[in-house]
Amino acid sequence: MYIKNQLTVIKTLTVAELKSRYRNTFAGLLWVMINPLILFSVHALIFKHVLKINVEKYYVFLLSGLLPWIFMSTLLLQSISIFVTKRESLLSFQIHPISLIISKSIDSFINFIIPFTLLFVILFSDNHFNIVGLLYVPLLMIIMFIGTITTAIILAVLQVFFRDIEYILSFVMNVMFFLTPIFYPRHLIPEKYQIFVDFNPFYAYIRGFKAALWEFSYQEINTAILNSLIFVSITSVLSLVFWKRFRNEIYLNI
């Protein structure tokens, strides 16, 4: 019964998030497309036409990295303080704290799926996509979703006890955006530094999308999936440990 109630809570919270996100805005739901489209256009202009990065099918290359990054960074930044900002709800109603993060994650995921699907459909007519690579995309989305939500749980728990975490995260995300091969290919990085990229959890998820949509190869995509599963396993275990260790203290510190 408790699990059923929490599923109902998650559904209600997700619907409320979706309705409130663009309420009283001029463009409404169109902002789901406008925001990534503007970011994509700016990056494509600078790196393709100004800096002239020589990458085949650069628009596909950029989108396959930029859109997953937007999902991951948005979810982490928006959910890190959720236990603190939703303090009254947690103390007044029977809402499991994790339900708040799950509902926020589903909301962000829906706002990722819509532009991801529409933008790649637009590009489909002008670019050759490997059908097998496309079949990998749902699996890659699921892995990224789980990896990001488990990371969000860890950060949200830490934020309750150390309120500087959100500022540190904001700084880290700004730095990692440039250190992650999103708008430039991995091979442009000097070989001796590529090992740092391979330990980048964001690239672990993005690498799979690039392998599936940009330059498909079984070896590359299987390596990407293996690497991303390693990070998912680590964050899943850590999130479980953190939650079991601190769950009773969260209500006393929010």
# chains A, B, ... in the order shown; residues from 1 in each chain; ligands from 1

$ select_by_dssp --residues "stretch 73-229 of chain A" --states "alpha helix (DSSP H)" --output "compact mmCIF listing (two decimals) with C-alpha atoms, in the first residue's frame"
# COMPACT_ATOMS: atom_id res chain seq x y z
CA SER A 73 23.26 19.12 -15.72
CA THR A 74 19.70 20.46 -15.41
CA LEU A 75 18.54 17.56 -13.25
CA LEU A 76 21.55 17.69 -10.92
CA LEU A 77 21.39 21.47 -10.47
CA GLN A 78 17.63 21.53 -9.93
CA SER A 79 17.42 18.55 -7.57
CA ILE A 82 15.16 19.70 -3.25
CA PHE A 83 15.10 18.27 0.29
CA VAL A 84 15.76 21.73 1.71
CA THR A 85 13.39 23.71 -0.54
CA ARG A 87 11.06 21.07 3.70
CA GLU A 88 7.45 21.98 4.52
CA SER A 89 6.06 19.30 2.22
CA LEU A 90 8.34 16.60 3.67
CA LEU A 91 7.44 17.52 7.25
CA SER A 92 3.72 18.00 6.64
CA PRO A 97 12.12 12.28 -0.03
CA ILE A 98 13.25 10.08 -2.91
CA SER A 99 9.83 10.55 -4.52
CA LEU A 100 10.66 14.24 -4.93
CA ILE A 101 13.84 13.42 -6.85
CA ILE A 102 12.12 10.77 -8.97
CA SER A 103 9.35 13.17 -9.99
CA LYS A 104 11.90 15.88 -10.81
CA SER A 105 13.88 13.32 -12.83
CA ILE A 106 10.85 12.22 -14.85
CA ASP A 107 9.97 15.84 -15.54
CA SER A 108 13.53 16.55 -16.76
CA PHE A 109 13.57 13.34 -18.78
CA ILE A 110 10.36 14.25 -20.60
CA ASN A 111 11.84 17.66 -21.35
CA PHE A 112 14.90 15.83 -22.73
CA ILE A 113 12.98 13.31 -24.84
CA ILE A 114 10.90 15.89 -26.72
CA PRO A 115 13.74 18.00 -28.23
CA PHE A 116 15.96 14.94 -28.61
CA THR A 117 13.35 13.17 -30.74
CA LEU A 118 12.24 16.19 -32.77
CA LEU A 119 15.73 17.54 -33.53
CA PHE A 120 17.04 14.18 -34.66
CA VAL A 121 13.96 13.58 -36.79
CA ILE A 122 14.72 16.90 -38.50
CA LEU A 123 18.32 15.83 -39.09
CA PHE A 124 17.35 12.32 -40.17
CA ILE A 131 19.55 1.54 -37.75
CA VAL A 132 21.33 -0.72 -35.27
CA GLY A 133 22.74 2.36 -33.56
CA LEU A 134 19.25 3.83 -33.22
CA LEU A 135 18.11 0.64 -31.49
CA TYR A 136 20.71 1.23 -28.78
CA VAL A 137 19.34 4.70 -27.95
CA PRO A 138 16.53 3.60 -25.56
CA LEU A 139 19.03 1.51 -23.55
CA LEU A 140 21.45 4.44 -23.42
CA MET A 141 18.65 6.71 -22.18
CA ILE A 142 17.72 4.29 -19.41
CA ILE A 143 21.34 3.95 -18.27
CA MET A 144 21.83 7.72 -18.28
CA PHE A 145 18.56 8.23 -16.39
CA ILE A 146 19.50 5.78 -13.64
CA GLY A 147 23.05 7.12 -13.40
CA THR A 148 21.88 10.71 -13.12
CA ILE A 149 19.10 10.06 -10.62
CA THR A 150 21.38 8.05 -8.30
CA THR A 151 23.95 10.85 -8.49
CA ALA A 152 21.20 13.35 -7.71
CA ILE A 153 20.26 11.38 -4.58
CA ILE A 154 23.86 11.46 -3.32
CA LEU A 155 24.17 15.20 -3.89
CA ALA A 156 20.76 15.98 -2.38
CA VAL A 157 21.65 14.07 0.79
CA LEU A 158 25.02 15.86 1.07
CA GLN A 159 23.35 19.24 0.51
CA VAL A 160 21.25 18.75 3.64
CA PHE A 161 24.37 18.63 5.79
CA ILE A 165 27.56 21.63 -2.11
CA GLU A 166 25.21 23.40 -4.53
CA TYR A 167 27.77 26.16 -5.16
CA ILE A 168 30.53 23.62 -5.63
CA LEU A 169 28.35 21.66 -8.04
CA SER A 170 27.56 24.78 -10.08
CA PHE A 171 31.28 25.51 -10.41
CA VAL A 172 32.11 21.89 -11.26
CA MET A 173 29.40 21.71 -13.92
CA ASN A 174 30.70 24.87 -15.60
CA VAL A 175 34.21 23.43 -15.70
CA MET A 176 33.14 19.94 -16.76
CA PHE A 177 31.20 21.32 -19.71
CA PHE A 178 34.48 22.32 -21.32
CA LEU A 179 36.41 19.27 -20.14
CA GLN A 194 42.66 11.10 -22.63
CA ILE A 195 42.69 8.89 -19.56
CA PHE A 196 41.11 11.76 -17.60
CA VAL A 197 38.29 11.86 -20.13
CA ASP A 198 37.69 8.14 -19.69
CA PRO A 201 31.23 10.15 -15.64
CA PHE A 202 29.41 12.60 -17.91
CA TYR A 203 31.39 11.46 -20.92
CA ALA A 204 30.70 7.85 -19.98
CA TYR A 205 27.03 8.45 -20.78
CA ILE A 206 27.53 10.88 -23.67
CA ARG A 207 30.01 8.56 -25.39
CA GLY A 208 27.27 6.01 -25.95
CA PHE A 209 25.01 8.50 -27.73
CA LYS A 210 27.85 9.61 -29.98
CA ALA A 211 28.67 6.00 -30.79
CA ALA A 212 25.04 5.21 -31.60
CA LEU A 213 24.14 8.31 -33.61
CA TYR A 218 29.94 -2.25 -32.14
CA GLN A 219 33.27 -1.97 -30.31
CA GLU A 220 32.82 1.69 -29.43
CA ILE A 221 29.21 1.43 -28.30
CA ASN A 222 29.81 -1.74 -26.27
CA THR A 223 32.78 -0.05 -24.58
CA ALA A 224 30.64 3.01 -23.87
CA ILE A 225 27.84 0.90 -22.39
CA LEU A 226 30.29 -1.04 -20.22
CA ASN A 227 31.87 2.17 -18.92
CA SER A 228 28.50 3.78 -18.21
CA LEU A 229 27.30 0.66 -16.39

$ atom_distance --atom1 "atom CA of A:Leu66" --atom2 "atom CA of A:Phe47"
13.0 Å

$ closest_residue --among "A:Thr8, A:Asn35, A:Ser41, A:Ser20" --to "A:Phe183" --atoms "only C-alpha atoms"
A:Ser41

$ atom_distance --atom1 "atom CA of A:Thr12" --atom2 "atom CA of A:Arg245"
28.2 Å

$ atom_distance --atom1 "atom CA of A:Lys11" --atom2 "atom CA of A:Ser81"
20.5 Å

$ closest_residue --among "A:Asp164, A:Trp214, A:Tyr184, A:Val15" --to "A:Lys52" --atoms "only C-alpha atoms"
A:Tyr184
